[in-house]
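One file, upload.cif, is given below (mmCIF, C-alpha atoms and all ligand atoms).
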```cif
data_start
loop_
_atom_site.label_atom_id
_atom_site.label_comp_id
_atom_site.auth_asym_id
_atom_site.auth_seq_id
_atom_site.Cartn_x
_atom_site.Cartn_y
_atom_site.Cartn_z
CA MET W 27 -26.93 -38.90 -20.91
CA SER W 28 -30.11 -40.86 -20.12
CA GLN W 29 -31.29 -40.93 -16.52
CA LYS W 30 -30.67 -44.24 -14.75
CA GLN W 31 -33.81 -46.11 -13.71
CA THR W 32 -34.35 -47.60 -10.26
CA ILE W 33 -34.22 -51.38 -10.66
CA LEU W 34 -34.62 -52.36 -6.99
CA LYS W 35 -36.43 -50.54 -4.22
CA LEU W 36 -36.50 -51.77 -0.63
CA ASP W 37 -39.08 -50.15 1.60
CA GLN W 38 -38.84 -50.77 5.36
CA LEU W 39 -37.83 -54.38 4.74
CA ASN W 40 -37.72 -56.64 7.81
CA LYS W 41 -36.84 -60.28 8.32
CA HIS W 42 -37.39 -61.65 11.82
CA TYR W 43 -37.23 -65.35 12.63
CA PRO W 44 -39.37 -66.72 15.46
CA VAL W 45 -37.52 -68.59 18.21
CA ARG W 46 -39.73 -71.31 19.68
CA GLY W 47 -39.38 -73.05 22.99
CA GLY W 48 -41.13 -75.09 25.67
CA LEU W 49 -43.35 -78.13 25.30
CA LEU W 50 -45.86 -76.35 23.10
CA LYS W 51 -43.17 -74.81 20.90
CA ARG W 52 -44.59 -71.34 21.47
CA VAL W 53 -42.81 -68.34 20.02
CA LYS W 54 -40.56 -67.09 22.84
CA ASN W 55 -38.54 -64.52 20.99
CA HIS W 56 -37.35 -63.42 17.57
CA VAL W 57 -34.04 -63.18 15.75
CA TYR W 58 -34.13 -59.63 14.39
CA ALA W 59 -31.94 -60.37 11.37
CA VAL W 60 -32.94 -57.52 9.02
CA ASN W 61 -34.53 -54.31 10.26
CA ASP W 62 -36.15 -51.47 8.33
CA ILE W 63 -33.95 -51.51 5.25
CA SER W 64 -34.96 -48.85 2.71
CA ILE W 65 -32.72 -48.14 -0.28
CA ASP W 66 -33.06 -47.55 -4.03
CA VAL W 67 -30.65 -49.29 -6.39
CA ASP W 68 -30.23 -47.99 -9.94
CA GLU W 69 -29.67 -50.06 -13.06
CA GLY W 70 -25.97 -50.74 -13.56
CA ASP W 71 -25.09 -50.04 -9.91
CA SER W 72 -22.67 -52.24 -7.98
CA VAL W 73 -23.85 -51.91 -4.42
CA GLY W 74 -21.56 -53.14 -1.67
CA ILE W 75 -23.34 -54.45 1.42
CA VAL W 76 -20.83 -54.60 4.24
CA GLY W 77 -20.61 -55.32 7.94
CA GLU W 78 -19.29 -57.96 10.32
CA SER W 79 -20.37 -61.54 9.99
CA GLY W 80 -23.82 -61.81 11.59
CA CYS W 81 -24.89 -58.28 10.62
CA GLY W 82 -27.72 -59.57 8.42
CA LYS W 83 -26.22 -58.85 5.00
CA SER W 84 -26.65 -62.39 3.62
CA THR W 85 -30.18 -62.62 5.01
CA LEU W 86 -30.93 -59.31 3.32
CA GLY W 87 -29.69 -60.71 -0.01
CA ARG W 88 -31.79 -63.85 0.38
CA THR W 89 -34.87 -61.86 1.40
CA ILE W 90 -34.55 -59.60 -1.65
CA LEU W 91 -34.48 -62.69 -3.88
CA ARG W 92 -37.46 -64.13 -1.96
CA LEU W 93 -35.40 -67.15 -0.91
CA GLU W 94 -36.60 -66.00 2.51
CA GLU W 95 -40.07 -64.53 3.03
CA PRO W 96 -39.95 -60.94 4.33
CA THR W 97 -41.60 -60.42 7.73
CA SER W 98 -42.78 -56.97 6.66
CA GLY W 99 -41.88 -54.18 4.29
CA GLU W 100 -41.69 -54.30 0.51
CA VAL W 101 -39.37 -55.34 -2.29
CA TRP W 102 -39.93 -53.62 -5.63
CA PHE W 103 -38.14 -54.91 -8.72
CA LYS W 104 -38.37 -53.14 -12.08
CA GLY W 105 -41.33 -51.11 -10.82
CA GLU W 106 -43.33 -54.14 -9.55
CA ASN W 107 -44.04 -54.95 -5.94
CA ILE W 108 -42.77 -58.56 -5.76
CA THR W 109 -43.08 -58.92 -1.97
CA HIS W 110 -46.17 -61.11 -2.04
CA LEU W 111 -46.15 -62.58 -5.54
CA ASN W 112 -46.94 -66.29 -5.61
CA GLU W 113 -44.35 -68.75 -6.96
CA LYS W 114 -45.85 -68.77 -10.45
CA LYS W 115 -45.80 -64.99 -10.84
CA LEU W 116 -42.46 -64.74 -9.08
CA LYS W 117 -40.82 -67.13 -11.54
CA GLN W 118 -40.22 -64.54 -14.27
CA PHE W 119 -38.64 -62.18 -11.75
CA LYS W 120 -36.49 -64.93 -10.30
CA ASN W 121 -34.96 -65.48 -13.73
CA ASP W 122 -33.98 -61.81 -13.76
CA MET W 123 -32.39 -62.00 -10.29
CA GLN W 124 -29.66 -64.54 -9.68
CA MET W 125 -27.22 -65.28 -6.91
CA ILE W 126 -23.54 -66.26 -6.80
CA PHE W 127 -22.36 -67.98 -3.64
CA GLN W 128 -19.00 -68.27 -1.95
CA ASP W 129 -18.66 -71.87 -3.13
CA PRO W 130 -21.25 -72.53 -5.81
CA PHE W 131 -20.30 -76.19 -5.96
CA ALA W 132 -20.92 -76.94 -2.31
CA SER W 133 -24.45 -78.09 -3.08
CA LEU W 134 -23.73 -79.82 -6.38
CA ASP W 135 -23.75 -83.48 -7.20
CA PRO W 136 -20.08 -84.39 -7.63
CA ARG W 137 -21.14 -87.01 -10.21
CA GLN W 138 -22.69 -84.40 -12.52
CA ARG W 139 -20.59 -82.98 -15.35
CA VAL W 140 -20.29 -79.20 -15.54
CA GLY W 141 -21.95 -79.21 -18.94
CA ASP W 142 -25.08 -80.82 -17.47
CA THR W 143 -25.07 -78.31 -14.62
CA LEU W 144 -24.96 -75.41 -17.07
CA GLU W 145 -27.71 -76.91 -19.18
CA GLU W 146 -30.10 -77.25 -16.22
CA PRO W 147 -31.60 -73.71 -16.41
CA PHE W 148 -32.34 -74.27 -20.10
CA VAL W 149 -34.01 -77.62 -19.36
CA ILE W 150 -36.22 -75.98 -16.73
CA HIS W 151 -36.98 -72.65 -18.39
CA THR W 152 -36.75 -73.14 -22.18
CA ASN W 153 -37.77 -75.50 -24.96
CA LEU W 154 -34.27 -75.71 -26.43
CA THR W 155 -33.16 -79.02 -27.91
CA LYS W 156 -30.29 -80.98 -26.39
CA LYS W 157 -27.97 -79.75 -29.15
CA GLU W 158 -28.98 -76.11 -28.60
CA ARG W 159 -28.56 -76.46 -24.83
CA LYS W 160 -25.08 -77.82 -25.29
CA GLU W 161 -24.17 -74.91 -27.57
CA LYS W 162 -25.49 -72.49 -24.97
CA ALA W 163 -23.50 -74.20 -22.18
CA ILE W 164 -20.29 -74.05 -24.21
CA ASP W 165 -20.97 -70.43 -25.05
CA LEU W 166 -21.36 -69.69 -21.32
CA LEU W 167 -18.06 -71.44 -20.59
CA ASN W 168 -16.36 -69.28 -23.21
CA GLN W 169 -17.90 -66.12 -21.77
CA VAL W 170 -16.37 -66.80 -18.36
CA GLY W 171 -12.93 -67.62 -19.73
CA LEU W 172 -13.26 -71.43 -19.83
CA SER W 173 -13.51 -73.71 -22.86
CA GLU W 174 -15.40 -76.61 -24.38
CA THR W 175 -13.09 -79.16 -22.71
CA HIS W 176 -14.47 -78.03 -19.33
CA TYR W 177 -17.95 -79.06 -20.43
CA TYR W 178 -17.09 -82.71 -19.84
CA LYS W 179 -15.37 -82.29 -16.47
CA TYR W 180 -16.62 -82.90 -12.93
CA PRO W 181 -16.63 -80.43 -10.01
CA HIS W 182 -13.57 -81.89 -8.26
CA GLN W 183 -11.47 -81.30 -11.40
CA PHE W 184 -11.67 -77.50 -11.03
CA SER W 185 -9.71 -74.97 -8.99
CA GLY W 186 -11.50 -72.49 -6.71
CA GLY W 187 -11.26 -69.71 -9.30
CA GLN W 188 -12.59 -71.95 -12.06
CA ARG W 189 -15.47 -73.06 -9.85
CA GLN W 190 -16.43 -69.47 -9.27
CA ARG W 191 -16.31 -68.87 -13.03
CA ILE W 192 -18.77 -71.75 -13.42
CA GLY W 193 -20.94 -70.25 -10.67
CA ILE W 194 -20.96 -67.02 -12.65
CA ALA W 195 -21.74 -68.86 -15.90
CA ARG W 196 -24.72 -70.48 -14.21
CA ALA W 197 -25.89 -67.14 -12.84
CA ILE W 198 -25.82 -65.41 -16.24
CA ALA W 199 -27.38 -68.33 -18.18
CA LEU W 200 -30.86 -66.80 -18.32
CA ASN W 201 -29.72 -63.22 -18.97
CA PRO W 202 -30.56 -61.81 -15.53
CA GLU W 203 -30.64 -58.08 -14.84
CA MET W 204 -29.44 -58.25 -11.25
CA ILE W 205 -27.04 -60.61 -9.46
CA VAL W 206 -26.55 -60.91 -5.72
CA CYS W 207 -22.94 -61.92 -5.08
CA ASP W 208 -22.73 -63.35 -1.56
CA GLU W 209 -19.06 -63.31 -0.50
CA ALA W 210 -18.46 -64.44 -4.09
CA VAL W 211 -14.69 -63.86 -4.10
CA SER W 212 -13.93 -64.22 -0.38
CA ALA W 213 -12.54 -67.73 -0.59
CA LEU W 214 -10.20 -66.99 -3.51
CA ASP W 215 -6.50 -66.07 -3.51
CA VAL W 216 -5.87 -62.38 -4.12
CA SER W 217 -4.67 -62.84 -7.72
CA VAL W 218 -7.60 -65.11 -8.63
CA GLN W 219 -9.93 -62.70 -6.84
CA ALA W 220 -8.74 -59.89 -9.12
CA GLN W 221 -9.42 -62.00 -12.22
CA VAL W 222 -12.93 -62.96 -11.10
CA ILE W 223 -13.72 -59.35 -10.23
CA GLN W 224 -12.53 -58.27 -13.66
CA LEU W 225 -14.79 -60.93 -15.19
CA LEU W 226 -17.77 -59.59 -13.20
CA LYS W 227 -16.97 -56.07 -14.39
CA ASP W 228 -16.66 -57.17 -18.02
CA LEU W 229 -20.00 -58.98 -17.84
CA GLN W 230 -21.58 -55.93 -16.22
CA GLU W 231 -20.45 -53.78 -19.10
CA GLU W 232 -21.60 -56.26 -21.70
CA TYR W 233 -25.01 -57.05 -20.19
CA ASP W 234 -25.71 -53.90 -18.18
CA LEU W 235 -25.92 -55.96 -14.99
CA THR W 236 -26.69 -54.62 -11.54
CA TYR W 237 -24.82 -56.21 -8.63
CA LEU W 238 -25.49 -56.43 -4.94
CA PHE W 239 -22.07 -57.33 -3.64
CA ILE W 240 -22.21 -58.75 -0.12
CA SER W 241 -18.75 -58.79 1.38
CA HIS W 242 -16.77 -58.35 4.57
CA ASP W 243 -13.73 -57.27 2.51
CA LEU W 244 -13.85 -53.49 2.24
CA GLY W 245 -10.74 -53.38 0.05
CA VAL W 246 -12.58 -55.39 -2.63
CA VAL W 247 -15.75 -53.36 -2.16
CA ARG W 248 -13.85 -50.12 -2.70
CA HIS W 249 -12.42 -51.48 -5.92
CA PHE W 250 -15.66 -52.95 -7.25
CA CYS W 251 -18.65 -50.95 -6.00
CA ASN W 252 -20.04 -47.49 -6.74
CA LYS W 253 -22.35 -47.39 -3.71
CA VAL W 254 -22.03 -48.91 -0.25
CA LEU W 255 -24.55 -49.81 2.45
CA VAL W 256 -23.05 -50.39 5.90
CA MET W 257 -25.12 -52.67 8.14
CA TYR W 258 -24.87 -53.28 11.86
CA LEU W 259 -27.04 -55.84 13.64
CA GLY W 260 -29.47 -55.88 10.72
CA HIS W 261 -29.83 -52.08 10.60
CA MET W 262 -28.62 -49.58 8.03
CA VAL W 263 -26.08 -47.28 9.62
CA GLU W 264 -24.57 -45.54 6.57
CA TRP W 265 -25.35 -45.44 2.82
CA ALA W 266 -23.32 -43.42 0.37
CA PRO W 267 -21.54 -43.37 -2.98
CA ALA W 268 -18.43 -45.54 -2.51
CA ASP W 269 -15.88 -42.73 -3.00
CA GLU W 270 -17.71 -40.55 -0.51
CA LEU W 271 -18.00 -43.34 2.06
CA PHE W 272 -14.34 -44.31 1.87
CA ASP W 273 -13.09 -40.69 1.81
CA ASN W 274 -15.49 -39.32 4.37
CA PRO W 275 -16.95 -42.03 6.64
CA ILE W 276 -19.25 -40.53 9.26
CA HIS W 277 -20.73 -43.32 11.36
CA PRO W 278 -18.39 -44.55 14.14
CA TYR W 279 -19.01 -48.14 13.04
CA THR W 280 -18.02 -47.38 9.43
CA GLU W 281 -14.88 -45.67 10.73
CA ALA W 282 -14.01 -48.74 12.78
CA LEU W 283 -14.58 -51.06 9.80
CA LEU W 284 -12.39 -48.91 7.54
CA SER W 285 -9.64 -48.75 10.12
CA ALA W 286 -9.49 -52.55 10.11
CA ILE W 287 -8.82 -52.94 6.36
CA PRO W 288 -5.60 -54.95 6.05
CA ARG W 289 -4.59 -53.09 2.87
CA PRO W 290 -4.69 -49.35 3.69
CA ILE W 291 -6.60 -47.01 1.40
CA PRO W 292 -4.23 -44.71 -0.54
CA GLY W 293 -4.35 -41.11 0.67
CA ARG W 294 -6.26 -41.97 3.83
CA GLU W 295 -4.62 -41.64 7.21
CA ARG W 296 -4.83 -44.87 9.17
CA ASN W 297 -6.70 -44.33 12.39
CA ASN W 298 -6.91 -47.64 14.18
CA ILE W 299 -10.18 -47.90 16.06
CA GLN W 300 -10.64 -51.01 18.16
CA LEU W 301 -14.22 -52.05 18.73
CA GLU W 302 -14.90 -53.18 22.28
CA GLY W 303 -16.91 -56.36 22.86
CA ASP W 304 -18.76 -58.68 20.53
CA LEU W 305 -21.70 -58.11 18.24
CA PRO W 306 -24.78 -58.26 20.52
CA SER W 307 -27.23 -61.11 19.99
CA PRO W 308 -29.86 -60.32 17.34
CA THR W 309 -32.43 -61.97 19.65
CA GLU W 310 -31.80 -59.27 22.25
CA PRO W 311 -30.81 -56.16 20.31
CA PRO W 312 -29.82 -53.12 22.38
CA THR W 313 -32.31 -50.30 22.94
CA GLY W 314 -31.78 -46.97 21.19
CA CYS W 315 -28.90 -47.00 18.73
CA PRO W 316 -28.03 -50.65 17.99
CA PHE W 317 -24.32 -49.75 18.11
CA HIS W 318 -24.35 -48.03 21.52
CA THR W 319 -22.90 -51.00 23.47
CA ARG W 320 -19.67 -50.76 21.46
CA CYS W 321 -19.53 -47.14 20.37
CA PRO W 322 -16.76 -44.97 21.83
CA LEU W 323 -18.98 -41.88 21.40
CA ALA W 324 -22.18 -43.24 22.97
CA THR W 325 -24.23 -40.86 25.15
CA ASN W 326 -27.31 -41.46 27.29
CA LEU W 327 -29.50 -40.40 24.38
CA CYS W 328 -27.90 -43.16 22.26
CA LYS W 329 -29.07 -45.76 24.80
CA GLU W 330 -32.63 -44.51 24.74
CA GLU W 331 -33.48 -43.33 21.24
CA LYS W 332 -32.83 -44.82 17.85
CA PRO W 333 -31.09 -42.17 15.73
CA GLU W 334 -32.90 -40.78 12.72
CA TRP W 335 -31.80 -41.66 9.20
CA LYS W 336 -30.45 -38.33 7.91
CA GLU W 337 -29.10 -37.18 4.54
CA ILE W 338 -25.99 -35.25 5.53
CA SER W 339 -24.83 -34.47 1.99
CA GLU W 340 -26.09 -35.44 -1.44
CA ASN W 341 -26.95 -39.18 -1.36
CA HIS W 342 -24.96 -39.70 1.85
CA PHE W 343 -27.18 -41.01 4.67
CA VAL W 344 -26.21 -41.77 8.28
CA ALA W 345 -27.95 -42.83 11.49
CA CYS W 346 -26.08 -41.28 14.41
CA HIS W 347 -27.13 -38.84 17.16
CA VAL W 348 -23.63 -37.47 17.56
CA LYS W 349 -22.09 -37.39 14.08
CA ALA W 350 -25.12 -36.49 11.94
FE1 LIG J 1 -22.46 -44.06 18.60
FE2 LIG J 1 -24.55 -42.75 19.56
FE3 LIG J 1 -23.88 -42.48 17.03
FE4 LIG J 1 -24.95 -44.76 17.89
S1 LIG J 1 -25.94 -42.79 17.83
S2 LIG J 1 -23.21 -44.52 16.54
S3 LIG J 1 -24.05 -44.91 19.91
S4 LIG J 1 -22.67 -41.87 18.79
#
```
Would you mind writing the structure in this file as structure tokens?
Amino acid sequence: MSQKQTILKLDQLNKHYPVRGGLLKRVKNHVYAVNDISIDVDEGDSVGIVGESGCGKSTLGRTILRLEEPTSGEVWFKGENITHLNEKKLKQFKNDMQMIFQDPFASLDPRQRVGDTLEEPFVIHTNLTKKERKEKAIDLLNQVGLSETHYYKYPHQFSGGQRQRIGIARAIALNPEMIVCDEAVSALDVSVQAQVIQLLKDLQEEYDLTYLFISHDLGVVRHFCNKVLVMYLGHMVEWAPADELFDNPIHPYTEALLSAIPRPIPGRERNNIQLEGDLPSPTEPPTGCPFHTRCPLATNLCKEEKPEWKEISENHFVACHVKA
């Protein structure tokens, strides 16, 4: 079997937003949204990025795609450092990296037919004729389980599941290699969710796609992903193959997240761990371990020193003074 290649490498990636105040609008503070993220993603991986709302997972996705400028650190894609590429040079990479949103139609003109929407990438990036673009758009509709009749319809004429299929069709139009799915199935009913996930899997098999699957739903992540990154307050706290993470979670935050899954994981004893308090503000992150203000195992060391990122078994990494 051929060795999988690394398609995406994040090296100490940070995204901090300045908070300005006062008459002169001086920088008073920062929102520390993404902090020191370093992972390698292989071709064909489906990487779940999980954590509570506000943990920085969506900002991470947007920073990887350069929809947000990184504050520091590096993003490597297909062996190239794309962190500081200008718009012109970045364009070819942007075609290879697409995004699917929770509601892809939220930003669309309700007066535009779906066919025109699907043709847009071909208008911008190719020299195809109108007839060829239409054929491509209809082909995309067929690939996502819709048909030519949908070409002529408007956004309001679609159900949530169909809209997400159109979002997927748009994302795959230019044959990308990696897709960031940002809560892509969260708004769908469970049965529709299963269909859309199956569609994503089928497309992955057909086109050898790599997914970054941002989600707060660990049940879906377990079903869909082969690797999982757990984030807390913009930091990595655990990173492991999905089976390993779900069978043997180490970090107290991961344990708490898993214990809150509404649909229990078969074969895993349910150990309900209630997290105390709210997620701290990312403008005033705690000292030491970012999780110490809510961790039932916190010690004095946890308040003072950030835990090291340790590999505790093959490809299973954790940041915790007590458990690793
Ligand atoms: Fe809890 Fe300390 Fe581990 Fe942080 S380092 S997760 S506070 S035990």
Find the smallest box with edges along x, y and z containing every listed atom of ligand LIG 1 (chain J), then add 8 Å on each side and report centre and edge lengths in Å to one decimal, as JSON.
```
{"center_x": -24.2, "center_y": -43.4, "center_z": 18.2, "size_x": 19.5, "size_y": 19.0, "size_z": 19.4}
```
| query | If we count only C-alpha atoms, what is near Thr97 (chain W) at a cut-off of 9 Å, once residues fewer than 5 positions away on the same chain are taken out, given as a VMD selection string? | reply | chain W and resid 39 to 43
| query | ligand LIG 1 (chain J): which residues are within 12 Å, counting only C-alpha atoms and all ligand atoms, as a PyMOL selection string? | reply | chain W and resi 257-258+261-264+275-282+301+312-336+344-350
| query | What is the distance, in Å and to one decimal place, between CA of Ser339 (chain W) and CA of Ser64 (chain W)? | reply | 17.6 Å
| Between CA of Leu226 (chain W) and CA of Gly70 (chain W), distance in Å (one decimal) |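 Between CA of Leu226 (chain W) and CA of Gly70 (chain W) the gap works out to 12.1 Å.
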| query | Of the candidates W:Ile299, W:Leu225, W:Ala268, W:Val149, which shows the shortest atom-to-atom distance to Leu283 (chain W), using only C-alpha atoms? | reply | W:Ile299
| At what distance in Å, to one decimal, does CA of Pro96 (chain W) lie from CA of Ile65 (chain W)? | 15.4 Å
| message | Residues proximal to (-37.5, -65.8, 19.7) were defined as those with any atom within 10 Å of that point in the file's coordinates, counting all atoms listed in the file. Which are they, as a PyMOL selection string? | response | chain W and resi 42-47+52-58+308-310
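Each of W:His342, W:Lys83, W:Arg88, W:Arg189 was compared to Ile205 (chain W) using all atoms listed in the file, and W:Arg88 turns out to be the nearest.
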| request: Go through W:Ile287, W:Ala163, W:Leu235, W:Ala220 and flag the residue nearest Asn201 (chain W), using only C-alpha atoms for the distances. | output: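 Distance minimum relative to Asn201 (chain W) lands on W:Leu235.
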| request: Can you pull out every residue within 8 Å of Trp265 (chain W), counting all atoms listed in the file, but drop anything in the same chain fewer than 4 positions away, and send it as a ChimeraX atom specification? | output: /W:253-256,271,341-344
| When distances are computed from only C-alpha atoms, which of W:Leu111, W:Val247, W:Leu49, W:Leu259 shows the smallest separation from Thr85 (chain W)? |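 The answer is W:Leu259, which sits nearest to Thr85 (chain W).
Of the residues listed (W:Gly187, W:Gly77, W:Val170, W:Tyr180), W:Val170 shows the shortest atom-to-atom separation from Asp228 (chain W); distances use only C-alpha atoms.
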| remark: One residue among W:Ser285, W:Gln230, W:Gln138, W:Gln31 is nearest to Gln300 (chain W) when using all atoms listed in the file, and that residue is W:Ser285
Can you check which parts of region 162-223 of chain W lie within 12 Å of region 238-241 of chain W? Per residue, the shortest pair of atoms and distance in Å to one decimal, counting only C-alpha atoms, sorted by chain and number, as JSON lines.
```
{"residue": "W:Glu203", "atom": "CA", "partner": "W:Leu238", "partner_atom": "CA", "distance": 11.3}
{"residue": "W:Met204", "atom": "CA", "partner": "W:Leu238", "partner_atom": "CA", "distance": 7.7}
{"residue": "W:Ile205", "atom": "CA", "partner": "W:Leu238", "partner_atom": "CA", "distance": 6.3}
{"residue": "W:Val206", "atom": "CA", "partner": "W:Leu238", "partner_atom": "CA", "distance": 4.7}
{"residue": "W:Cys207", "atom": "CA", "partner": "W:Phe239", "partner_atom": "CA", "distance": 4.9}
{"residue": "W:Asp208", "atom": "CA", "partner": "W:Ile240", "partner_atom": "CA", "distance": 4.8}
{"residue": "W:Glu209", "atom": "CA", "partner": "W:Ser241", "partner_atom": "CA", "distance": 4.9}
{"residue": "W:Ala210", "atom": "CA", "partner": "W:Ser241", "partner_atom": "CA", "distance": 7.9}
{"residue": "W:Val211", "atom": "CA", "partner": "W:Ser241", "partner_atom": "CA", "distance": 8.5}
{"residue": "W:Ser212", "atom": "CA", "partner": "W:Ser241", "partner_atom": "CA", "distance": 7.5}
{"residue": "W:Ala213", "atom": "CA", "partner": "W:Ser241", "partner_atom": "CA", "distance": 11.1}
{"residue": "W:Ile223", "atom": "CA", "partner": "W:Phe239", "partner_atom": "CA", "distance": 10.8}
```
